[in-house]
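Working notes, structure below.
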Amino acid sequence: MFKGWKYNREAQVEHITLNVDGMKCGGCENGIKTALSACDGVAEVTASHKDKTVAVGFDPAKVSLEQIKQTIVAQGFQVS
Ligand SMILES: [Cu+2]
């Protein structure tokens with residue numbers, strides 16, 4: 001996307017909560033947050049190792065749910 005180019009479409013944000021196994025501490029949460037935040041289209045990430053959940057707000061036009069899942073798996077966690 002070009003900076004300064006007026007995009008005439010409102011950014012849409014979809015929210016999803018994924019069940020993620022393998023997080024054991026805040027460091028694991030941060031690893032997932034950092035990896036997902038680096039994805040274009042991801043607007044917000046909340047991770048909880050206690051609840052074993054990762055909540056993601058994303059623009060489906062820019063990033064797919066499958067990409068989000070794969071990013072988490074690439075960090076060494078399991079998404080159910
Ligand atoms: Cu950890």
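We label chains A, B, ... in the order they appear in the structure tokens, count residues from 1 in each chain, and number ligands from 1 in the order shown.
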Discussion item. At a cut-off of 12 Å around ligand 1, and using only C-alpha atoms and all ligand atoms, what residues come up? Please write them as a list in words.
Written reply: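 Final answer, ordered by chain and number: Asp21, Gly22, Met23, Lys24, Cys25, Gly26, Gly27, Cys28, Glu29, Asn30, Gly31, Ile32, Ala47, Ser48, His49, Lys50, Lys52, Gln75, Gly76 and Phe77 of chain A.
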Export of the given selection (C-alpha atoms) as a PDB file, in the first residue's frame:
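This is the output file out.pdb:
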```pdb
ATOM      1  CA  ASP A  21      -1.996 -24.431  23.191  1.00  0.00           C
ATOM      2  CA  GLY A  22       1.611 -24.260  24.257  1.00  0.00           C
ATOM      3  CA  MET A  23       1.834 -20.806  25.847  1.00  0.00           C
ATOM      4  CA  LYS A  24       3.397 -21.065  29.288  1.00  0.00           C
ATOM      5  CA  CYS A  25       4.202 -17.507  30.304  1.00  0.00           C
ATOM      6  CA  GLY A  26       4.136 -13.861  29.363  1.00  0.00           C
ATOM      7  CA  GLY A  27       7.140 -14.417  27.122  1.00  0.00           C
ATOM      8  CA  CYS A  28       5.125 -16.796  24.972  1.00  0.00           C
ATOM      9  CA  GLU A  29       2.307 -14.262  24.833  1.00  0.00           C
ATOM     10  CA  ASN A  30       4.738 -11.573  23.737  1.00  0.00           C
ATOM     11  CA  GLY A  31       6.239 -13.804  21.066  1.00  0.00           C
ATOM     12  CA  ILE A  32       2.830 -14.296  19.517  1.00  0.00           C
ATOM     13  CA  ALA A  47      -2.849 -13.186  24.244  1.00  0.00           C
ATOM     14  CA  SER A  48      -3.474 -15.063  27.488  1.00  0.00           C
ATOM     15  CA  HIS A  49      -1.497 -18.134  28.451  1.00  0.00           C
ATOM     16  CA  LYS A  50      -3.881 -18.683  31.367  1.00  0.00           C
ATOM     17  CA  LYS A  52      -4.993 -20.382  26.271  1.00  0.00           C
ATOM     18  CA  GLN A  75       6.105 -19.613  16.605  1.00  0.00           C
ATOM     19  CA  GLY A  76       5.800 -23.161  17.912  1.00  0.00           C
ATOM     20  CA  PHE A  77       2.248 -23.176  19.228  1.00  0.00           C
TER      21      PHE A  77
END
```
Worksheet entry | DSSP helix (DSSP H, G or I) residues within chain A, as a PyMOL selection string | chain A and resi 26-37+65-74
Expected file: the selected residues, N, CA and C atoms, as a CSV table (one decimal), in the first residue's frame:
```csv
chain,number,residue,atom,x,y,z
A,26,GLY,N,4.3,-15.1,30.1
A,26,GLY,CA,4.1,-13.9,29.4
A,26,GLY,C,5.1,-13.7,28.2
A,27,GLY,N,6.2,-14.4,28.2
A,27,GLY,CA,7.1,-14.4,27.1
A,27,GLY,C,6.5,-15.0,25.9
A,28,CYS,N,5.8,-16.1,26.1
A,28,CYS,CA,5.1,-16.8,25.0
A,28,CYS,C,4.1,-15.9,24.4
A,29,GLU,N,3.3,-15.2,25.3
A,29,GLU,CA,2.3,-14.3,24.8
A,29,GLU,C,2.9,-13.2,24.0
A,30,ASN,N,4.1,-12.7,24.5
A,30,ASN,CA,4.7,-11.6,23.7
A,30,ASN,C,5.3,-12.0,22.4
A,31,GLY,N,5.7,-13.3,22.3
A,31,GLY,CA,6.2,-13.8,21.1
A,31,GLY,C,5.1,-13.8,20.0
A,32,ILE,N,4.0,-14.3,20.4
A,32,ILE,CA,2.8,-14.3,19.5
A,32,ILE,C,2.4,-12.9,19.1
A,33,LYS,N,2.3,-12.0,20.1
A,33,LYS,CA,1.9,-10.6,19.9
A,33,LYS,C,2.9,-10.0,18.9
A,34,THR,N,4.2,-10.2,19.1
A,34,THR,CA,5.2,-9.5,18.2
A,34,THR,C,5.0,-10.1,16.8
A,35,ALA,N,4.9,-11.4,16.7
A,35,ALA,CA,4.8,-12.0,15.3
A,35,ALA,C,3.6,-11.5,14.6
A,36,LEU,N,2.5,-11.5,15.3
A,36,LEU,CA,1.2,-11.1,14.7
A,36,LEU,C,1.2,-9.6,14.4
A,37,SER,N,1.7,-8.8,15.3
A,37,SER,CA,1.7,-7.4,15.0
A,37,SER,C,2.5,-7.0,13.8
A,65,LEU,N,-7.4,-15.4,7.9
A,65,LEU,CA,-7.4,-16.1,9.2
A,65,LEU,C,-6.4,-17.2,9.1
A,66,GLU,N,-6.3,-17.8,8.0
A,66,GLU,CA,-5.3,-18.9,7.8
A,66,GLU,C,-3.8,-18.4,8.0
A,67,GLN,N,-3.6,-17.2,7.5
A,67,GLN,CA,-2.2,-16.6,7.7
A,67,GLN,C,-2.0,-16.4,9.1
A,68,ILE,N,-3.0,-15.9,9.8
A,68,ILE,CA,-2.9,-15.7,11.3
A,68,ILE,C,-2.6,-16.9,12.0
A,69,LYS,N,-3.3,-18.0,11.7
A,69,LYS,CA,-3.1,-19.3,12.3
A,69,LYS,C,-1.7,-19.8,12.0
A,70,GLN,N,-1.2,-19.7,10.8
A,70,GLN,CA,0.1,-20.1,10.4
A,70,GLN,C,1.2,-19.4,11.1
A,71,THR,N,1.0,-18.1,11.3
A,71,THR,CA,2.0,-17.3,12.0
A,71,THR,C,2.1,-17.8,13.5
A,72,ILE,N,1.0,-18.1,14.1
A,72,ILE,CA,1.1,-18.6,15.5
A,72,ILE,C,1.8,-20.0,15.5
A,73,VAL,N,1.4,-20.8,14.6
A,73,VAL,CA,2.0,-22.2,14.5
A,73,VAL,C,3.5,-22.1,14.2
A,74,ALA,N,3.9,-21.1,13.4
A,74,ALA,CA,5.3,-20.9,13.1
A,74,ALA,C,6.1,-20.5,14.3
```
Item to complete: Once DSSP has gone over the backbone, tell me which residues of range 4-37 of chain A are in strand (DSSP E or B), as a list in words.
Response: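 Of range 4-37 of chain A, the ones in strand (DSSP E or B) are Glu14, His15, Ile16, Thr17, Leu18, Asn19, Val20 and Asp21 of chain A.
Candidate residues A:Phe58, A:Leu18, A:Val79, A:Gln12 were compared for distance to Ala38 in chain A, and the nearest is A:Phe58, using only C-alpha atoms.
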Discussion item. I'd like the interatomic distance between CA of Val20 in chain A and CA of Cys39 in chain A, to a tenth of an Å.
Written reply: 18.1 Å
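If you measure from each of A:Val56, A:Gln78, A:Asp40, A:Lys62 to Glu14 in chain A using only C-alpha atoms, the closest one turns out to be A:Val56.
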Practice prompt. To one decimal in Å, tell me the separation between CA of Asn19 in chain A and CA of Asp51 in chain A.
Written response: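 Interatomic distance here is 8.4 Å.
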Item to complete: Write out as a VMD selection string the residues lying within 9 Å of Ala61 in chain A, counting only C-alpha atoms and excluding same-chain residues fewer than 2 positions away.
Response: chain A and resid 11 to 12 41 58 to 59 63 to 64
Write the residues of the preceding selection, restricted to N, CA and C atoms, as a PDB file, in the first residue's frame.
```pdb
ATOM      1  N   ALA A  11     -11.394   0.834   6.649  1.00  0.00           N
ATOM      2  CA  ALA A  11     -10.732  -0.376   7.140  1.00  0.00           C
ATOM      3  C   ALA A  11     -11.715  -1.167   7.993  1.00  0.00           C
ATOM      4  N   GLN A  12     -11.835  -2.415   7.656  1.00  0.00           N
ATOM      5  CA  GLN A  12     -12.740  -3.272   8.411  1.00  0.00           C
ATOM      6  C   GLN A  12     -11.925  -4.083   9.387  1.00  0.00           C
ATOM      7  N   GLY A  41      -2.195  -5.762   8.323  1.00  0.00           N
ATOM      8  CA  GLY A  41      -3.621  -6.053   8.431  1.00  0.00           C
ATOM      9  C   GLY A  41      -4.049  -6.452   9.819  1.00  0.00           C
ATOM     10  N   PHE A  58      -8.389  -8.026  12.999  1.00  0.00           N
ATOM     11  CA  PHE A  58      -7.665  -7.953  11.722  1.00  0.00           C
ATOM     12  C   PHE A  58      -8.578  -7.526  10.595  1.00  0.00           C
ATOM     13  N   ASP A  59      -7.937  -7.022   9.548  1.00  0.00           N
ATOM     14  CA  ASP A  59      -8.654  -6.629   8.346  1.00  0.00           C
ATOM     15  C   ASP A  59      -8.604  -7.798   7.368  1.00  0.00           C
ATOM     16  N   VAL A  63      -5.266  -9.630   5.466  1.00  0.00           N
ATOM     17  CA  VAL A  63      -4.657 -10.825   6.036  1.00  0.00           C
ATOM     18  C   VAL A  63      -5.764 -11.848   6.309  1.00  0.00           C
ATOM     19  N   SER A  64      -5.474 -13.101   5.986  1.00  0.00           N
ATOM     20  CA  SER A  64      -6.502 -14.127   6.168  1.00  0.00           C
ATOM     21  C   SER A  64      -6.356 -14.795   7.523  1.00  0.00           C
TER      22      SER A  64
END
```
